[in-house]
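> Next comes model_8.pdb, PDB, C-alpha atoms:
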```pdb
ATOM      1  CA  MET A  63      68.491  85.320   0.616
ATOM      2  CA  ASP A  64      72.246  85.081  -0.003
ATOM      3  CA  ALA A  65      72.722  88.549   1.490
ATOM      4  CA  GLN A  66      70.759  87.490   4.582
ATOM      5  CA  LEU A  67      72.894  84.366   5.028
ATOM      6  CA  ASP A  68      76.117  86.325   4.544
ATOM      7  CA  TRP A  69      74.935  88.846   7.162
ATOM      8  CA  GLN A  70      74.216  86.022   9.618
ATOM      9  CA  ARG A  71      77.509  84.244   8.908
ATOM     10  CA  GLN A  72      79.421  87.437   9.679
ATOM     11  CA  LEU A  73      77.505  87.836  12.950
ATOM     12  CA  TYR A  74      78.161  84.212  13.872
ATOM     13  CA  LYS A  75      81.885  84.557  13.216
ATOM     14  CA  HIS A  76      82.036  87.811  15.169
ATOM     15  CA  PHE A  77      80.373  86.270  18.220
ATOM     16  CA  HIS A  78      82.521  83.140  17.910
ATOM     17  CA  ARG A  79      85.693  85.260  17.859
ATOM     18  CA  HIS A  80      84.573  87.322  20.862
ATOM     19  CA  PRO A  81      83.054  84.953  23.445
ATOM     20  CA  GLU A  82      82.184  86.141  26.946
ATOM     21  CA  LEU A  83      81.577  84.101  30.080
ATOM     22  CA  SER A  84      78.330  84.060  32.056
ATOM     23  CA  LEU A  85      77.277  87.512  33.319
ATOM     24  CA  GLU A  86      80.223  89.087  31.470
ATOM     25  CA  GLU A  87      78.433  89.354  28.091
ATOM     26  CA  ARG A  88      78.847  93.141  27.939
ATOM     27  CA  GLN A  89      80.217  93.490  24.396
ATOM     28  CA  THR A  90      77.804  90.851  23.150
ATOM     29  CA  ALA A  91      74.865  92.704  24.713
ATOM     30  CA  GLU A  92      76.028  96.007  23.204
ATOM     31  CA  ARG A  93      76.313  94.463  19.735
ATOM     32  CA  VAL A  94      72.865  92.849  20.060
ATOM     33  CA  GLU A  95      71.334  96.163  21.194
ATOM     34  CA  GLU A  96      72.909  97.957  18.200
ATOM     35  CA  LYS A  97      71.535  95.397  15.741
ATOM     36  CA  LEU A  98      68.064  95.443  17.318
ATOM     37  CA  ALA A  99      67.882  99.254  17.236
ATOM     38  CA  ALA A 100      69.115  99.391  13.628
ATOM     39  CA  LEU A 101      66.310  96.988  12.658
ATOM     40  CA  GLY A 102      63.575  99.037  14.320
ATOM     41  CA  TYR A 103      63.276  97.078  17.560
ATOM     42  CA  ARG A 104      63.094  98.792  20.941
ATOM     43  CA  PRO A 105      65.982  97.230  22.893
ATOM     44  CA  GLN A 106      66.364  97.288  26.656
ATOM     45  CA  ARG A 107      68.736  95.730  29.150
ATOM     46  CA  ILE A 108      67.199  93.440  31.706
ATOM     47  CA  GLY A 109      69.132  91.662  34.441
ATOM     48  CA  GLY A 110      72.526  93.220  33.754
ATOM     49  CA  THR A 111      73.676  91.747  30.446
ATOM     50  CA  GLY A 112      70.335  90.397  29.242
ATOM     51  CA  VAL A 113      68.747  92.135  26.254
ATOM     52  CA  VAL A 114      65.151  92.206  25.113
ATOM     53  CA  GLY A 115      64.049  93.814  21.864
ATOM     54  CA  VAL A 116      60.423  94.518  21.001
ATOM     55  CA  LEU A 117      58.952  95.190  17.568
ATOM     56  CA  GLU A 118      55.291  96.154  17.623
ATOM     57  CA  ASN A 119      53.721  95.764  14.209
ATOM     58  CA  GLY A 120      49.996  96.230  14.616
ATOM     59  CA  PRO A 121      47.381  94.005  16.227
ATOM     60  CA  GLY A 122      47.944  90.305  16.642
ATOM     61  CA  ALA A 123      49.740  87.688  18.646
ATOM     62  CA  ILE A 124      52.805  88.309  20.751
ATOM     63  CA  VAL A 125      55.629  85.933  19.851
ATOM     64  CA  LEU A 126      58.706  85.617  22.039
ATOM     65  CA  SER A 127      61.928  84.083  20.709
ATOM     66  CA  ARG A 128      64.909  83.364  22.948
ATOM     67  CA  ALA A 129      68.638  82.833  22.466
ATOM     68  CA  ASP A 130      71.450  82.161  24.941
ATOM     69  CA  MET A 131      74.601  84.313  24.816
ATOM     70  CA  ASP A 132      77.294  83.015  27.194
ATOM     71  CA  ALA A 133      80.427  81.059  26.366
ATOM     72  CA  LEU A 134      82.347  78.406  28.284
ATOM     73  CA  PRO A 135      85.703  78.518  30.107
ATOM     74  CA  LEU A 136      87.485  76.337  27.532
ATOM     75  CA  THR A 137      90.470  76.908  25.281
ATOM     76  CA  GLU A 138      89.618  76.681  21.598
ATOM     77  CA  GLN A 139      91.888  74.456  19.549
ATOM     78  CA  THR A 140      89.881  74.222  16.326
ATOM     79  CA  GLY A 141      92.239  76.090  14.016
ATOM     80  CA  LEU A 142      89.298  77.968  12.505
ATOM     81  CA  ASP A 143      90.092  81.308  10.908
ATOM     82  CA  TYR A 144      87.405  82.773  13.185
ATOM     83  CA  ALA A 145      88.537  80.983  16.376
ATOM     84  CA  SER A 146      88.146  82.645  19.752
ATOM     85  CA  THR A 147      90.475  85.564  20.372
ATOM     86  CA  ILE A 148      89.935  85.284  24.143
ATOM     87  CA  ASP A 149      92.322  82.946  25.962
ATOM     88  CA  GLY A 150      90.504  80.216  27.852
ATOM     89  CA  VAL A 151      87.014  81.186  26.618
ATOM     90  CA  MET A 152      85.083  79.816  23.655
ATOM     91  CA  HIS A 153      81.618  79.215  22.289
ATOM     92  CA  ALA A 154      81.678  75.420  22.493
ATOM     93  CA  CYS A 155      77.950  74.712  22.680
ATOM     94  CA  GLY A 156      76.421  76.914  20.013
ATOM     95  CA  HIS A 157      75.346  80.099  21.744
ATOM     96  CA  ASP A 158      77.146  82.097  19.037
ATOM     97  CA  PHE A 159      74.815  80.371  16.587
ATOM     98  CA  HIS A 160      71.804  81.090  18.829
ATOM     99  CA  ILE A 161      72.570  84.824  18.736
ATOM    100  CA  ALA A 162      73.101  84.893  14.960
ATOM    101  CA  ALA A 163      69.970  82.794  14.316
ATOM    102  CA  LEU A 164      67.729  84.992  16.443
ATOM    103  CA  LEU A 165      69.176  88.185  14.947
ATOM    104  CA  GLY A 166      68.527  86.628  11.527
ATOM    105  CA  ALA A 167      64.880  86.076  12.456
ATOM    106  CA  VAL A 168      64.734  89.648  13.764
ATOM    107  CA  LYS A 169      66.078  90.951  10.440
ATOM    108  CA  LEU A 170      63.592  88.907   8.407
ATOM    109  CA  LEU A 171      60.668  90.076  10.532
ATOM    110  CA  SER A 172      61.837  93.682  10.322
ATOM    111  CA  ASP A 173      62.416  93.536   6.560
ATOM    112  CA  HIS A 174      58.988  91.976   5.921
ATOM    113  CA  ARG A 175      56.715  93.953   8.251
ATOM    114  CA  GLY A 176      54.097  94.204   5.530
ATOM    115  CA  SER A 177      53.510  90.450   5.592
ATOM    116  CA  TRP A 178      52.719  89.994   9.281
ATOM    117  CA  SER A 179      50.964  91.722  12.155
ATOM    118  CA  GLY A 180      51.553  91.431  15.877
ATOM    119  CA  THR A 181      54.438  91.890  18.286
ATOM    120  CA  HIS A 182      57.777  90.121  18.270
ATOM    121  CA  VAL A 183      59.867  89.958  21.439
ATOM    122  CA  ALA A 184      63.494  88.882  20.969
ATOM    123  CA  LEU A 185      65.045  87.805  24.276
ATOM    124  CA  PHE A 186      68.815  87.308  24.549
ATOM    125  CA  GLN A 187      69.541  85.516  27.819
ATOM    126  CA  PRO A 188      72.906  85.804  29.547
ATOM    127  CA  ALA A 189      74.467  83.163  31.790
ATOM    128  CA  GLU A 190      72.411  80.204  30.610
ATOM    129  CA  GLU A 191      75.255  77.875  31.532
ATOM    130  CA  THR A 192      74.936  78.815  35.211
ATOM    131  CA  ALA A 193      71.193  79.687  35.230
ATOM    132  CA  ALA A 194      72.191  82.995  36.832
ATOM    133  CA  GLY A 195      71.054  84.932  33.757
ATOM    134  CA  ALA A 196      67.448  83.770  33.927
ATOM    135  CA  ARG A 197      67.362  84.500  37.652
ATOM    136  CA  ALA A 198      68.824  87.985  37.068
ATOM    137  CA  MET A 199      66.291  88.776  34.337
ATOM    138  CA  VAL A 200      63.350  87.599  36.432
ATOM    139  CA  ALA A 201      64.645  89.529  39.464
ATOM    140  CA  ASP A 202      64.867  92.639  37.259
ATOM    141  CA  ALA A 203      61.111  92.409  36.508
ATOM    142  CA  LEU A 204      61.333  90.747  33.087
ATOM    143  CA  VAL A 205      57.677  89.746  33.221
ATOM    144  CA  GLU A 206      56.551  93.332  33.799
ATOM    145  CA  LYS A 207      58.887  94.765  31.124
ATOM    146  CA  VAL A 208      57.939  92.651  28.103
ATOM    147  CA  PRO A 209      54.606  92.832  26.284
ATOM    148  CA  ARG A 210      52.163  90.086  27.079
ATOM    149  CA  ARG A 211      48.464  89.409  26.960
ATOM    150  CA  ALA A 212      46.145  87.060  28.776
ATOM    151  CA  GLU A 213      46.754  84.350  26.202
ATOM    152  CA  ARG A 214      49.355  81.700  25.567
ATOM    153  CA  MET A 215      52.302  82.839  23.509
ATOM    154  CA  PRO A 216      53.826  80.732  20.743
ATOM    155  CA  GLY A 217      57.375  79.805  21.681
ATOM    156  CA  ILE A 218      60.504  79.334  19.651
ATOM    157  CA  ARG A 219      63.756  78.088  21.133
ATOM    158  CA  PHE A 220      67.066  77.924  19.347
ATOM    159  CA  SER A 221      69.161  75.084  20.699
ATOM    160  CA  ARG A 222      71.431  72.305  19.537
ATOM    161  CA  ARG A 223      68.259  70.469  18.591
ATOM    162  CA  THR A 224      66.166  73.334  17.261
ATOM    163  CA  TYR A 225      62.481  72.903  17.776
ATOM    164  CA  VAL A 226      59.471  75.086  17.271
ATOM    165  CA  ARG A 227      56.395  74.888  19.415
ATOM    166  CA  VAL A 228      53.365  76.886  18.378
ATOM    167  CA  LEU A 229      50.299  77.149  20.571
ATOM    168  CA  ARG A 230      47.114  78.669  19.307
ATOM    169  CA  PRO A 231      45.965  81.682  21.323
ATOM    170  CA  VAL A 232      43.618  80.655  24.109
ATOM    171  CA  PRO A 233      41.436  83.188  25.936
ATOM    172  CA  ALA A 234      42.270  83.656  29.617
ATOM    173  CA  ASP A 235      38.834  82.367  30.658
ATOM    174  CA  HIS A 236      39.166  79.139  28.630
ATOM    175  CA  GLN A 237      38.386  75.998  30.629
ATOM    176  CA  ARG A 238      40.613  72.968  30.040
ATOM    177  CA  PRO A 239      38.736  69.739  29.333
ATOM    178  CA  ALA A 240      38.648  67.240  32.201
ATOM    179  CA  ARG A 241      41.165  64.406  31.898
TER     180      ARG A 241
END
```
Using structure tokens, write down the structure that the file contains.


Amino acid sequence: MDAQLDWQRQLYKHFHRHPELSLEERQTAERVEEKLAALGYRPQRIGGTGVVGVLENGPGAIVLSRADMDALPLTEQTGLDYASTIDGVMHACGHDFHIAALLGAVKLLSDHRGSWSGTHVALFQPAEETAAGARAMVADALVEKVPRRAERMPGIRFSRRTYVRVLRPVPADHQRPAR
């Protein structure tokens, strides 16, 4: 586990040092694509700088995890040894952590394929701060490009207040009870 944490810390520090503003996340997207491919995921660009990686691992549920990637137009004055190297741009709200956390989950799922079955979709959203990234991904046919079934998908969101929401699969013809 120490090796996993060290790997994630290095990713976090890299992304913190190299922040990119909304819709300019080119180097971030390239690095994410490289990591996804190296871990056996099938990466693709969606909506310009958005990245989606898919790992199909037999029958089962489809789980989609999402992380934001953009930084803010602020000057970092933290004094950290891994502070932003880009003048006037920094990761001030944790998106560097989002990327490293989701890539960490990707690595764990890839390394332990024998212990689970299903499909994992890792979605790295650009321009969350302006909402332009979500619009760009949807306009670029995100829904048609990622695996899905006629069932609810469990959802995981990495945010400042991390939460996990898991929904049991429900058949498409399921009737909700009357309220």

> Would you write out, as a list of chain:residue names, every residue that the PyMOL selection byres ((chain A and resi 119) around 6) captures in this file?

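So the PyMOL selection byres ((chain A and resi 119) around 6) ends up selecting A:Glu118, A:Gly120, A:Ser179, A:Gly180, A:Thr181.
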
> Keeping C-alpha atoms for every residue in the selection just given, could you write it to a file as a compact mmCIF listing (two decimals), in the coordinates of the input?


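Saved the output as out.txt:
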```txt
# COMPACT_ATOMS: atom_id res chain seq x y z
CA GLU A 118 55.29 96.15 17.62
CA GLY A 120 50.00 96.23 14.62
CA SER A 179 50.96 91.72 12.16
CA GLY A 180 51.55 91.43 15.88
CA THR A 181 54.44 91.89 18.29
```

> Counting all atoms listed in the file, which residues have an atom no more than 8 Å from (92.7, 79.7, 26.7) in the file's coordinates? Please list them as a list in words.

Pro135, Leu136, Thr137, Glu138, Ile148, Asp149, Gly150 and Val151 of chain A

> Which one of A:Ala145, A:Val183, A:Ala163, A:Leu126 sits closest to Gln106 (chain A) if you count all atoms listed in the file?

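With all atoms listed in the file as the atom set, the closest residue is A:Val183.
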
> For the contact check between region 123-202 of chain A and region 78-101 of chain A, emit one row per residue of region 123-202 of chain A within 10 Å, containing the shortest atom pair and the distance in Å rounded to one decimal, counting only C-alpha atoms, chain then rising number order, as a Markdown table.


```
| residue | atom | partner | partner_atom | distance |
| --- | --- | --- | --- | --- |
| A:Met131 | CA | A:Glu87 | CA | 7.1 |
| A:Asp132 | CA | A:Ser84 | CA | 5.1 |
| A:Ala133 | CA | A:Leu83 | CA | 4.9 |
| A:Leu134 | CA | A:Leu83 | CA | 6.0 |
| A:Pro135 | CA | A:Leu83 | CA | 6.9 |
| A:Leu142 | CA | A:Arg79 | CA | 9.7 |
| A:Asp143 | CA | A:Arg79 | CA | 9.1 |
| A:Tyr144 | CA | A:Arg79 | CA | 5.6 |
| A:Ala145 | CA | A:Arg79 | CA | 5.3 |
| A:Ser146 | CA | A:Arg79 | CA | 4.1 |
| A:Thr147 | CA | A:Arg79 | CA | 5.4 |
| A:Ile148 | CA | A:His80 | CA | 6.6 |
| A:Asp149 | CA | A:Pro81 | CA | 9.8 |
| A:Gly150 | CA | A:Pro81 | CA | 9.9 |
| A:Val151 | CA | A:Pro81 | CA | 6.3 |
| A:Met152 | CA | A:Pro81 | CA | 5.5 |
| A:His153 | CA | A:His78 | CA | 5.9 |
| A:Ala154 | CA | A:His78 | CA | 9.0 |
| A:Gly156 | CA | A:His78 | CA | 9.0 |
| A:His157 | CA | A:His78 | CA | 8.7 |
| A:Asp158 | CA | A:His78 | CA | 5.6 |
| A:Phe159 | CA | A:His78 | CA | 8.3 |
| A:Ile161 | CA | A:Val94 | CA | 8.1 |
| A:Ala162 | CA | A:Val94 | CA | 9.5 |
| A:Leu165 | CA | A:Lys97 | CA | 7.6 |
| A:Val168 | CA | A:Leu98 | CA | 7.6 |
| A:Lys169 | CA | A:Leu101 | CA | 6.4 |
| A:Leu170 | CA | A:Leu101 | CA | 9.5 |
| A:Leu171 | CA | A:Leu101 | CA | 9.2 |
| A:Ser172 | CA | A:Leu101 | CA | 6.0 |
| A:Asp173 | CA | A:Leu101 | CA | 8.0 |
| A:Ala184 | CA | A:Leu98 | CA | 8.8 |
| A:Phe186 | CA | A:Ala91 | CA | 8.1 |
| A:Gln187 | CA | A:Ala91 | CA | 9.5 |
| A:Pro188 | CA | A:Leu85 | CA | 6.0 |
| A:Ala189 | CA | A:Ser84 | CA | 4.0 |
| A:Glu190 | CA | A:Ser84 | CA | 7.2 |
| A:Glu191 | CA | A:Ser84 | CA | 6.9 |
| A:Thr192 | CA | A:Ser84 | CA | 7.0 |
| A:Ala193 | CA | A:Ser84 | CA | 9.0 |
| A:Ala194 | CA | A:Leu85 | CA | 7.7 |
| A:Gly195 | CA | A:Leu85 | CA | 6.8 |
| A:Ala198 | CA | A:Leu85 | CA | 9.3 |
```

> Determine the nearest neighbour of Trp69 (chain A) from the options A:Ile108, A:Ala201, A:Val208, A:Gly166, counting only C-alpha atoms.

A:Gly166

> Do you have the CA of Leu73 (chain A)-CA of His160 (chain A) distance handy?

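One can read the CA of Leu73 (chain A) to CA of His160 (chain A) distance as 10.6 Å.
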
> Give me, please, the distance in Å between CA of Met199 (chain A) and CA of Pro121 (chain A), quoted to one decimal.

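Between these atoms lies a distance of 26.7 Å.
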
> To one decimal place, how far is CA of Lys75 (chain A) from CA of Leu164 (chain A) in Å?

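These two atoms are separated by 14.5 Å.
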
> Can you work out which one of A:Ala196, A:Val113, A:Cys155, A:Leu185 has the shortest atom-to-atom distance to Val125 (chain A), counting all atoms listed in the file?

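Counting all atoms listed in the file, the residue closest to Val125 (chain A) is A:Leu185.
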
> For Gly115 (chain A), which residue among A:Arg210, A:Leu67, A:Gln72, A:His182 is the nearest when counting all atoms listed in the file?

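Of A:Arg210, A:Leu67, A:Gln72, A:His182, the one nearest Gly115 (chain A), counting all atoms listed in the file, is A:His182.
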
> Pick the closest to Ala167 (chain A) from A:Val114, A:Ser127, A:Ala203, A:Arg107: which is it, counting only C-alpha atoms?

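Looking at the shortest contact to Ala167 (chain A), the residue is A:Ser127.
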